[in-house]
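Colleague: Supplied structure: upload_36.pdb, PDB, C-alpha atoms.
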MODEL        1
ATOM      1  CA  MET O   1      51.542  39.655 -49.157
ATOM      2  CA  ALA O   2      52.481  42.946 -50.855
ATOM      3  CA  ILE O   3      54.049  41.331 -53.959
ATOM      4  CA  ILE O   4      51.544  40.946 -56.805
ATOM      5  CA  VAL O   5      52.274  38.464 -59.608
ATOM      6  CA  ASN O   6      51.094  39.698 -63.014
ATOM      7  CA  LEU O   7      52.065  36.540 -64.908
ATOM      8  CA  ASP O   8      48.569  36.080 -66.358
ATOM      9  CA  VAL O   9      48.712  39.618 -67.820
ATOM     10  CA  MET O  10      52.026  38.915 -69.589
ATOM     11  CA  MET O  11      50.807  35.516 -70.775
ATOM     12  CA  ALA O  12      47.708  37.164 -72.292
ATOM     13  CA  LYS O  13      49.892  39.837 -74.020
ATOM     14  CA  ARG O  14      52.130  37.151 -75.536
ATOM     15  CA  LYS O  15      49.111  34.921 -76.244
ATOM     16  CA  MET O  16      50.641  31.964 -74.415
ATOM     17  CA  SER O  17      48.777  29.320 -72.440
ATOM     18  CA  LEU O  18      49.812  28.029 -69.018
ATOM     19  CA  LEU O  19      50.572  24.570 -70.380
ATOM     20  CA  GLU O  20      52.750  25.910 -73.199
ATOM     21  CA  LEU O  21      54.701  28.229 -70.881
ATOM     22  CA  SER O  22      55.247  25.437 -68.316
ATOM     23  CA  GLN O  23      56.581  23.147 -71.037
ATOM     24  CA  ARG O  24      58.953  25.802 -72.339
ATOM     25  CA  ILE O  25      60.380  26.748 -68.955
ATOM     26  CA  GLU O  26      60.400  23.097 -67.850
ATOM     27  CA  ILE O  27      58.377  23.258 -64.664
ATOM     28  CA  THR O  28      55.100  21.499 -63.884
ATOM     29  CA  PRO O  29      51.804  23.260 -64.745
ATOM     30  CA  SER O  30      50.728  22.931 -61.100
ATOM     31  CA  ASN O  31      53.861  24.803 -59.933
ATOM     32  CA  LEU O  32      53.296  27.536 -62.503
ATOM     33  CA  SER O  33      49.645  27.748 -61.419
ATOM     34  CA  ILE O  34      50.827  28.286 -57.822
ATOM     35  CA  LEU O  35      52.877  31.246 -59.049
ATOM     36  CA  LYS O  36      50.113  32.627 -61.253
ATOM     37  CA  THR O  37      47.500  32.549 -58.468
ATOM     38  CA  GLY O  38      49.852  34.287 -56.022
ATOM     39  CA  LYS O  39      50.123  31.338 -53.620
ATOM     40  CA  ALA O  40      53.880  30.921 -54.077
ATOM     41  CA  LYS O  41      56.102  31.717 -51.087
ATOM     42  CA  ALA O  42      59.302  32.077 -53.090
ATOM     43  CA  ILE O  43      60.595  32.021 -56.654
ATOM     44  CA  ARG O  44      64.035  30.890 -57.785
ATOM     45  CA  PHE O  45      66.110  33.243 -59.895
ATOM     46  CA  SER O  46      66.520  30.475 -62.462
ATOM     47  CA  THR O  47      62.720  30.194 -62.856
ATOM     48  CA  LEU O  48      62.332  34.003 -63.077
ATOM     49  CA  ASN O  49      65.124  34.074 -65.646
ATOM     50  CA  SER O  50      63.379  31.415 -67.785
ATOM     51  CA  ILE O  51      59.981  33.180 -67.592
ATOM     52  CA  CYS O  52      61.447  36.563 -68.614
ATOM     53  CA  ASN O  53      63.379  34.880 -71.406
ATOM     54  CA  ILE O  54      60.312  33.167 -72.896
ATOM     55  CA  LEU O  55      57.870  36.054 -72.391
ATOM     56  CA  LYS O  56      60.483  38.633 -73.428
ATOM     57  CA  CYS O  57      59.874  40.899 -70.475
ATOM     58  CA  THR O  58      61.559  42.172 -67.323
ATOM     59  CA  PRO O  59      60.985  40.974 -63.745
ATOM     60  CA  GLY O  60      59.197  44.281 -63.079
ATOM     61  CA  ASP O  61      56.564  43.350 -65.674
ATOM     62  CA  ILE O  62      55.739  40.174 -63.781
ATOM     63  CA  LEU O  63      56.265  41.234 -60.157
ATOM     64  CA  GLU O  64      54.684  44.347 -58.639
ATOM     65  CA  PHE O  65      54.916  45.768 -55.136
ATOM     66  CA  GLN O  66      51.720  47.124 -53.606
ATOM     67  CA  PRO O  67      52.133  47.729 -49.875
ATOM     68  CA  ASP O  68      49.231  46.393 -47.819
ATOM     69  CA  GLU O  69      48.203  47.182 -44.219
ATOM     70  CA  GLU O  70      50.498  44.506 -42.796
ATOM     71  CA  THR O  71      53.545  45.816 -44.658
ATOM     72  CA  LEU O  72      52.773  49.420 -43.650
ATOM     73  CA  LYS O  73      52.519  48.325 -40.003
ATOM     74  CA  ASP O  74      55.904  46.580 -40.195
ATOM     75  CA  ALA O  75      57.441  49.669 -41.794
TER      76      ALA O  75
ATOM     77  CA  MET N  76      67.669   0.312 -48.697
ATOM     78  CA  LYS N  77      67.234   3.215 -46.279
ATOM     79  CA  MET N  78      63.627   2.189 -45.567
ATOM     80  CA  LYS N  79      64.783  -1.397 -44.937
ATOM     81  CA  SER N  80      67.285  -0.298 -42.287
ATOM     82  CA  ILE N  81      64.671   2.050 -40.734
ATOM     83  CA  ASN N  82      62.165  -0.801 -40.591
ATOM     84  CA  LEU N  83      64.731  -3.160 -39.084
ATOM     85  CA  LEU N  84      65.576  -0.629 -36.378
ATOM     86  CA  CYS N  85      61.868  -0.099 -35.668
ATOM     87  CA  VAL N  86      61.234  -3.832 -35.362
ATOM     88  CA  CYS N  87      64.095  -4.099 -32.830
ATOM     89  CA  ILE N  88      62.729  -1.112 -30.851
ATOM     90  CA  ILE N  89      59.194  -2.559 -30.801
ATOM     91  CA  ALA N  90      60.499  -5.996 -29.750
ATOM     92  CA  LEU N  91      62.483  -4.426 -26.897
ATOM     93  CA  MET N  92      59.445  -2.360 -25.848
ATOM     94  CA  ILE N  93      57.235  -5.464 -25.756
ATOM     95  CA  VAL N  94      59.763  -7.563 -23.841
ATOM     96  CA  SER N  95      60.574  -4.802 -21.345
ATOM     97  CA  THR N  96      56.860  -4.134 -20.778
ATOM     98  CA  PHE N  97      55.218  -7.523 -20.685
ATOM     99  CA  LEU N  98      57.843  -9.715 -19.042
ATOM    100  CA  PRO N  99      58.263  -7.873 -15.721
ATOM    101  CA  THR N 100      54.563  -6.905 -15.628
ATOM    102  CA  THR N 101      53.532 -10.553 -16.047
ATOM    103  CA  VAL N 102      55.896 -11.650 -13.291
ATOM    104  CA  VAL N 103      54.709  -8.943 -10.891
ATOM    105  CA  LEU N 104      50.993  -9.431 -11.703
ATOM    106  CA  THR N 105      51.266 -13.204 -11.259
ATOM    107  CA  SER N 106      52.939 -12.852  -7.890
ATOM    108  CA  TYR N 107      50.416 -10.221  -6.772
ATOM    109  CA  LEU N 108      47.454 -12.290  -7.880
ATOM    110  CA  SER N 109      48.921 -15.219  -5.960
ATOM    111  CA  ALA N 110      49.200 -13.010  -2.884
ATOM    112  CA  LEU N 111      45.580 -11.937  -3.273
ATOM    113  CA  GLY N 112      44.567 -15.561  -3.362
ATOM    114  CA  ASN N 113      46.581 -16.139  -0.145
ATOM    115  CA  ASN N 114      48.809 -18.436  -2.086
ATOM    116  CA  THR N 115      52.540 -18.179  -1.624
ATOM    117  CA  GLY N 116      53.004 -19.278  -5.226
ATOM    118  CA  TYR N 117      55.314 -21.954  -3.929
ATOM    119  CA  PRO N 118      53.964 -25.539  -3.545
ATOM    120  CA  ASP N 119      53.824 -26.593   0.104
ATOM    121  CA  ALA N 120      55.572 -29.841  -0.651
ATOM    122  CA  GLU N 121      58.585 -27.990  -2.015
ATOM    123  CA  LEU N 122      58.535 -25.572   0.893
ATOM    124  CA  SER N 123      58.880 -28.455   3.338
ATOM    125  CA  ASN N 124      61.997 -29.625   1.487
ATOM    126  CA  LEU N 125      63.745 -26.310   2.037
ATOM    127  CA  THR N 126      66.105 -26.087   4.943
ATOM    128  CA  PRO N 127      65.613 -22.768   6.711
ATOM    129  CA  VAL N 128      68.719 -20.866   7.613
ATOM    130  CA  GLU N 129      68.701 -19.216  10.970
ATOM    131  CA  VAL N 130      68.923 -15.497  10.648
ATOM    132  CA  SER N 131      68.812 -12.686  13.112
ATOM    133  CA  PHE N 132      67.096  -9.380  12.716
ATOM    134  CA  ASN N 133      68.850  -6.313  14.030
ATOM    135  CA  PRO N 134      66.186  -3.568  14.360
ATOM    136  CA  ASP N 135      68.823  -0.880  14.892
ATOM    137  CA  HIS N 136      70.405  -1.443  11.535
ATOM    138  CA  GLU N 137      67.419  -3.048   9.762
ATOM    139  CA  GLU N 138      69.533  -5.914   8.538
ATOM    140  CA  LEU N 139      69.011  -9.593   8.257
ATOM    141  CA  TYR N 140      72.225 -11.435   8.818
ATOM    142  CA  THR N 141      73.480 -14.890   9.646
ATOM    143  CA  PRO N 142      75.591 -15.310  12.763
ATOM    144  CA  THR N 143      78.290 -16.851  10.671
ATOM    145  CA  ASN N 144      78.628 -17.442   6.987
ATOM    146  CA  THR N 145      78.968 -21.179   7.500
ATOM    147  CA  LEU N 146      76.499 -23.896   8.380
ATOM    148  CA  ASP N 147      77.153 -26.864  10.660
ATOM    149  CA  PHE N 148      76.358 -30.098   8.858
ATOM    150  CA  ASN N 149      77.279 -33.358  10.574
ATOM    151  CA  GLY N 150      80.015 -31.584  12.456
ATOM    152  CA  GLU N 151      81.384 -30.165   9.244
ATOM    153  CA  LYS N 152      81.366 -26.456   8.559
ATOM    154  CA  LEU N 153      79.930 -25.734   5.111
ATOM    155  CA  PRO N 154      79.791 -22.283   3.465
ATOM    156  CA  VAL N 155      76.333 -20.764   3.146
ATOM    157  CA  ILE N 156      75.575 -19.479  -0.314
ATOM    158  CA  MET N 157      72.162 -17.882  -0.673
ATOM    159  CA  TYR N 158      70.833 -18.207  -4.224
ATOM    160  CA  GLN N 159      67.104 -17.995  -3.675
ATOM    161  CA  GLY N 160      64.941 -16.290  -1.100
ATOM    162  CA  ILE N 161      61.229 -16.272  -0.338
ATOM    163  CA  VAL N 162      59.648 -13.072   0.933
ATOM    164  CA  MET N 163      56.675 -13.813   3.171
ATOM    165  CA  VAL N 164      54.092 -11.007   2.980
ATOM    166  CA  PRO N 165      53.081  -9.817   6.474
ATOM    167  CA  SER N 166      49.567 -10.880   7.480
ATOM    168  CA  SER N 167      48.743  -7.342   8.550
ATOM    169  CA  ARG N 168      49.041  -6.170   4.919
ATOM    170  CA  VAL N 169      45.929  -4.333   3.742
ATOM    171  CA  PRO N 170      44.394  -6.013   0.630
ATOM    172  CA  SER N 171      43.202  -2.665  -0.741
ATOM    173  CA  SER N 172      46.792  -1.507  -1.180
ATOM    174  CA  LEU N 173      47.522  -4.678  -3.158
ATOM    175  CA  ILE N 174      44.510  -3.947  -5.371
ATOM    176  CA  ALA N 175      45.651  -0.330  -5.771
ATOM    177  CA  ASP N 176      49.110  -1.501  -6.770
ATOM    178  CA  ILE N 177      47.642  -3.931  -9.310
ATOM    179  CA  ALA N 178      45.401  -1.183 -10.699
ATOM    180  CA  VAL N 179      48.412   1.123 -11.141
ATOM    181  CA  LEU N 180      50.333  -1.715 -12.808
ATOM    182  CA  VAL N 181      47.456  -2.333 -15.238
ATOM    183  CA  LEU N 182      47.315   1.400 -16.071
ATOM    184  CA  THR N 183      51.077   1.378 -16.697
ATOM    185  CA  LEU N 184      50.621  -1.615 -18.976
ATOM    186  CA  ILE N 185      47.863   0.217 -20.911
ATOM    187  CA  CYS N 186      50.192   3.222 -21.247
ATOM    188  CA  MET N 187      52.954   1.055 -22.676
ATOM    189  CA  ILE N 188      50.524  -0.556 -25.150
ATOM    190  CA  LEU N 189      49.409   2.911 -26.292
ATOM    191  CA  ILE N 190      53.065   3.937 -26.705
ATOM    192  CA  ILE N 191      53.701   0.910 -28.916
ATOM    193  CA  ILE N 192      50.546   1.648 -30.986
ATOM    194  CA  GLU N 193      51.532   5.310 -31.564
ATOM    195  CA  PHE N 194      55.050   4.240 -32.529
ATOM    196  CA  ILE N 195      53.736   1.661 -35.029
ATOM    197  CA  ARG N 196      51.368   4.272 -36.549
ATOM    198  CA  LEU N 197      54.315   6.645 -36.967
ATOM    199  CA  ILE N 198      56.392   3.967 -38.690
ATOM    200  CA  ILE N 199      53.532   3.006 -41.035
ATOM    201  CA  ASN N 200      53.214   6.653 -42.132
ATOM    202  CA  ILE N 201      56.947   6.966 -42.670
ATOM    203  CA  ASN N 202      56.867   3.796 -44.777
ATOM    204  CA  ARG N 203      54.158   5.374 -46.931
ATOM    205  CA  GLY N 204      56.435   8.355 -47.556
ATOM    206  CA  LYS N 205      54.381  10.696 -45.355
ATOM    207  CA  ILE N 206      57.069  12.014 -43.080
ATOM    208  CA  PHE N 207      56.490  15.658 -42.161
ATOM    209  CA  GLU N 208      52.738  15.472 -41.658
ATOM    210  CA  SER N 209      50.423  16.757 -38.919
ATOM    211  CA  ALA N 210      49.391  13.193 -38.037
ATOM    212  CA  ASN N 211      53.015  12.233 -37.298
ATOM    213  CA  ILE N 212      53.445  15.276 -35.075
ATOM    214  CA  GLN N 213      50.356  14.141 -33.123
ATOM    215  CA  TYR N 214      51.722  10.593 -32.767
ATOM    216  CA  ILE N 215      55.086  11.778 -31.430
ATOM    217  CA  TRP N 216      53.418  14.262 -29.072
ATOM    218  CA  ARG N 217      51.115  11.573 -27.678
ATOM    219  CA  LEU N 218      54.059   9.184 -27.346
ATOM    220  CA  GLY N 219      55.781  11.755 -25.120
ATOM    221  CA  ILE N 220      52.678  12.303 -22.995
ATOM    222  CA  TYR N 221      52.155   8.570 -22.494
ATOM    223  CA  LEU N 222      55.808   8.143 -21.484
ATOM    224  CA  LEU N 223      55.482  10.889 -18.869
ATOM    225  CA  ILE N 224      52.250   9.326 -17.574
ATOM    226  CA  SER N 225      53.842   5.881 -17.321
ATOM    227  CA  GLY N 226      56.788   7.400 -15.401
ATOM    228  CA  ALA N 227      54.372   9.058 -12.976
ATOM    229  CA  LEU N 228      52.462   5.770 -12.556
ATOM    230  CA  GLU N 229      55.744   3.988 -11.795
ATOM    231  CA  CYS N 230      56.380   6.505  -9.026
ATOM    232  CA  VAL N 231      52.882   5.951  -7.587
ATOM    233  CA  SER N 232      53.402   2.178  -7.686
ATOM    234  CA  GLY N 233      56.737   2.555  -5.887
ATOM    235  CA  ILE N 234      55.182   4.712  -3.175
ATOM    236  CA  ILE N 235      52.340   2.216  -2.628
ATOM    237  CA  ARG N 236      54.802  -0.644  -2.404
ATOM    238  CA  GLU N 237      57.109   1.197  -0.048
ATOM    239  CA  SER N 238      54.246   2.101   2.275
ATOM    240  CA  ASN N 239      53.399  -1.586   2.633
ATOM    241  CA  PHE N 240      56.703  -3.367   2.480
ATOM    242  CA  SER N 241      59.294  -2.525   5.073
ATOM    243  CA  SER N 242      62.512  -1.738   3.282
ATOM    244  CA  ILE N 243      64.656  -4.356   4.883
ATOM    245  CA  GLY N 244      68.061  -4.675   3.383
ATOM    246  CA  LEU N 245      69.096  -8.299   3.232
ATOM    247  CA  LYS N 246      72.800  -8.311   3.834
ATOM    248  CA  MET N 247      75.131 -11.241   3.837
ATOM    249  CA  ASN N 248      78.693 -11.471   2.762
ATOM    250  CA  HIS N 249      78.923 -10.195  -0.815
ATOM    251  CA  TYR N 250      75.114 -10.216  -1.107
ATOM    252  CA  ASP N 251      72.761  -7.272  -0.950
ATOM    253  CA  LEU N 252      69.024  -7.051  -1.678
ATOM    254  CA  THR N 253      66.728  -4.118  -1.092
ATOM    255  CA  SER N 254      63.112  -3.319  -1.918
ATOM    256  CA  GLU N 255      63.661   0.419  -2.405
ATOM    257  CA  TRP N 256      62.333   2.017  -5.572
ATOM    258  CA  THR N 257      63.916   4.800  -7.613
ATOM    259  CA  ILE N 258      62.439   7.569  -9.747
ATOM    260  CA  PRO N 259      62.334   6.427 -13.386
ATOM    261  CA  TRP N 260      64.494   9.282 -14.708
ATOM    262  CA  MET N 261      65.042   7.636 -18.092
ATOM    263  CA  THR N 262      61.268   7.337 -18.741
ATOM    264  CA  PHE N 263      60.756  11.046 -17.939
ATOM    265  CA  MET N 264      63.720  12.040 -20.100
ATOM    266  CA  LEU N 265      62.453   9.984 -23.050
ATOM    267  CA  GLY N 266      59.003  11.543 -22.656
ATOM    268  CA  LEU N 267      60.426  15.062 -22.740
ATOM    269  CA  LEU N 268      62.650  14.174 -25.701
ATOM    270  CA  ALA N 269      59.590  12.957 -27.593
ATOM    271  CA  LEU N 270      57.759  16.242 -26.883
ATOM    272  CA  LEU N 271      60.807  18.188 -28.084
ATOM    273  CA  LEU N 272      60.974  16.037 -31.217
ATOM    274  CA  ALA N 273      57.296  16.768 -31.921
ATOM    275  CA  ARG N 274      58.012  20.524 -31.855
ATOM    276  CA  VAL N 275      61.048  20.155 -34.120
ATOM    277  CA  TRP N 276      58.946  17.980 -36.488
ATOM    278  CA  GLN N 277      56.400  20.837 -36.643
ATOM    279  CA  ILE N 278      59.112  23.277 -37.713
ATOM    280  CA  ALA N 279      60.257  20.772 -40.327
ATOM    281  CA  LYS N 280      56.691  20.491 -41.646
ATOM    282  CA  THR N 281      56.469  24.287 -42.019
ATOM    283  CA  MET N 282      59.802  24.339 -43.877
ATOM    284  CA  LYS N 283      58.593  21.527 -46.152
ATOM    285  CA  GLU N 284      55.418  23.458 -46.998
ATOM    286  CA  GLU N 285      57.458  26.553 -47.831
ATOM    287  CA  GLN N 286      59.728  24.468 -50.025
ATOM    288  CA  GLN N 287      56.710  23.014 -51.822
ATOM    289  CA  LEU N 288      55.438  26.528 -52.513
ATOM    290  CA  THR N 289      58.804  27.618 -53.943
ATOM    291  CA  VAL N 290      58.584  27.782 -57.735
TER     292      VAL N 290
ENDMDL
END
Written as structure tokens, how would this file's structure read?

Modeller:
Amino acid sequence: MAIIVNLDVMMAKRKMSLLELSQRIEITPSNLSILKTGKAKAIRFSTLNSICNILKCTPGDILEFQPDEETLKDA
Amino acid sequence: MKMKSINLLCVCIIALMIVSTFLPTTVVLTSYLSALGNNTGYPDAELSNLTPVEVSFNPDHEELYTPTNTLDFNGEKLPVIMYQGIVMVPSSRVPSSLIADIAVLVLTLICMILIIIEFIRLIININRGKIFESANIQYIWRLGIYLLISGALECVSGIIRESNFSSIGLKMNHYDLTSEWTIPWMTFMLGLLALLLARVWQIAKTMKEEQQLTV
């Protein structure tokens, strides 16, 4: 997939652990781990809103678009 | 509560499957095995007590009929009501066709047992909360295949029977009996429905996985 999740970078900048962030945004650590490792298929706006609120960042800081071969072929 | 009603429905379906499979198969197998043993299945003593009714055979119309629908008894005309008949198997019948028919019946029985097993496995998984799983898709797919096979076996059995029994229609007033077989359309339709359901279940499983990976 061409969307890269830079959640771990933001978490390191804000010095926040996975467990702490999951507790503050009220989702399970396993779900947050799915997002962090890039295995997630979709993210709800409400979850993105909570993450940006806690980490004091914008969606662009967490999500990055890097077109891969598959995406270039589709285009 | 939902699981209770699902389980109740499943128990009813399984009971119907067992009754519809084993009852007629047992009756047919018993009569065939009696025929193999050259036994009419009817005690001779009882046979001698039966009063034969004179019937005529009209080869042009392939009908068995009584000259009149009354019987003379001590000068009194009594109505003839046929409630039971005995079909005597022709002596020229080839035993191998009987064996073939029994073999096909046994295979059909095995198919029905496999259908019941797959259905029970599916229900056990659903009871455990595993609904949209690969195993369930396999069970439903196999259920469909077995249903189609059993329908095909029913056709084969009908063809074997028809090639050995002459299809004489027994006709009397308000009474009709024939040995003709029909294609088991319902069995084929159920088989195809099960295959379709397996495909839909697969789509549902994919959607469930996507939902699980939605944060």

Colleague: Write out as an MDAnalysis selection string the residues lying within 8 Å of range 198-209 of chain N, counting all atoms listed in the file and excluding same-chain residues fewer than 6 positions away.

Modeller: chainID N and resid 78 82 85 276:277 279:280 283

Colleague: Can you tell me which residues surround Trp260 in chain N at a distance of at most 12 Å, considering all atoms listed in the file, apart from same-chain residues fewer than 6 positions away, and format the answer as a list of chain:residue names?

Modeller: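 Near Trp260 in chain N, the qualifying residues are N:Leu222, N:Leu223, N:Ser225, N:Gly226, N:Ala227, N:Glu229, N:Cys230, N:Gly266, N:Leu267.
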
Colleague: Sorted by chain and rising residue number, which residues of chain O lie within 10 Å of chain N, and what are their closest atom pairs and distances in Å to one decimal, counting all atoms listed in the file, as a tab-separated table?

Modeller:
residue	atom	partner	partner_atom	distance
O:Ile27	CA	N:Val290	CA	8.3
O:Thr28	CA	N:Val290	CA	9.5
O:Ser30	CA	N:Val290	CA	9.8
O:Asn31	CA	N:Val290	CA	6.0
O:Leu32	CA	N:Val290	CA	7.1
O:Ser33	CA	N:Val290	CA	9.7
O:Ile34	CA	N:Leu288	CA	7.2
O:Leu35	CA	N:Val290	CA	6.8
O:Lys39	CA	N:Leu288	CA	7.3
O:Ala40	CA	N:Leu288	CA	4.9
O:Lys41	CA	N:Leu288	CA	5.4
O:Ala42	CA	N:Thr289	CA	4.6
O:Ile43	CA	N:Val290	CA	4.8
O:Arg44	CA	N:Val290	CA	6.3
O:Phe45	CA	N:Val290	CA	9.5
O:Ser46	CA	N:Val290	CA	9.6
O:Thr47	CA	N:Val290	CA	7.0
O:Leu48	CA	N:Val290	CA	9.0

Colleague: Would you work out the distance separating CA of Val5 in chain O from CA of Ile278 in chain N, expressed in Å to one decimal?

Modeller: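 Separating CA of Val5 in chain O from CA of Ile278 in chain N is a distance of 27.5 Å.
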
Colleague: Neighbours of Glu64 in chain O within 10 Å (only C-alpha atoms; same-chain residues fewer than 3 positions away dropped), as a list in words?

Modeller: Ala2, Ile3, Ile4, Val5, Asn6, Pro59, Gly60, Asp61 and Pro67 of chain O

Colleague: What does the distance from CA of Leu18 in chain O to CA of Asp68 in chain O come to in Å, to one decimal?

Modeller: 28.1 Å

Colleague: So which residues touch Phe97 in chain N within 12 Å, counting only C-alpha atoms, skipping near sequence neighbours fewer than 6 positions away, as a PyMOL selection string?

Modeller: chain N and resi 89-91+103-105+180-181+183-188+191

Colleague: Return the single residue from O:Pro29, O:Cys57, O:Gln66, O:Gln23 that is closest to Met11 in chain O, with distances computed using all atoms listed in the file.

Modeller: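 For Met11 in chain O, the nearest of the candidates is O:Cys57.
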
Colleague: The centre and edge lengths of an axis-aligned box containing all atoms of range 269-285 of chain N present in the file, extended by 4 Å on each side, are to be given in Å to one decimal, as AutoDock Vina command-line options.

Modeller:
--center_x 58.2 --center_y 19.8 --center_z -37.4 --size_x 13.6 --size_y 21.6 --size_z 28.9

Colleague: Which value, in Å to one decimal, gives the distance between CA of Ile88 in chain N and CA of Ile195 in chain N?

Modeller: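 Answer for the CA of Ile88 in chain N to CA of Ile195 in chain N separation: 10.3 Å.
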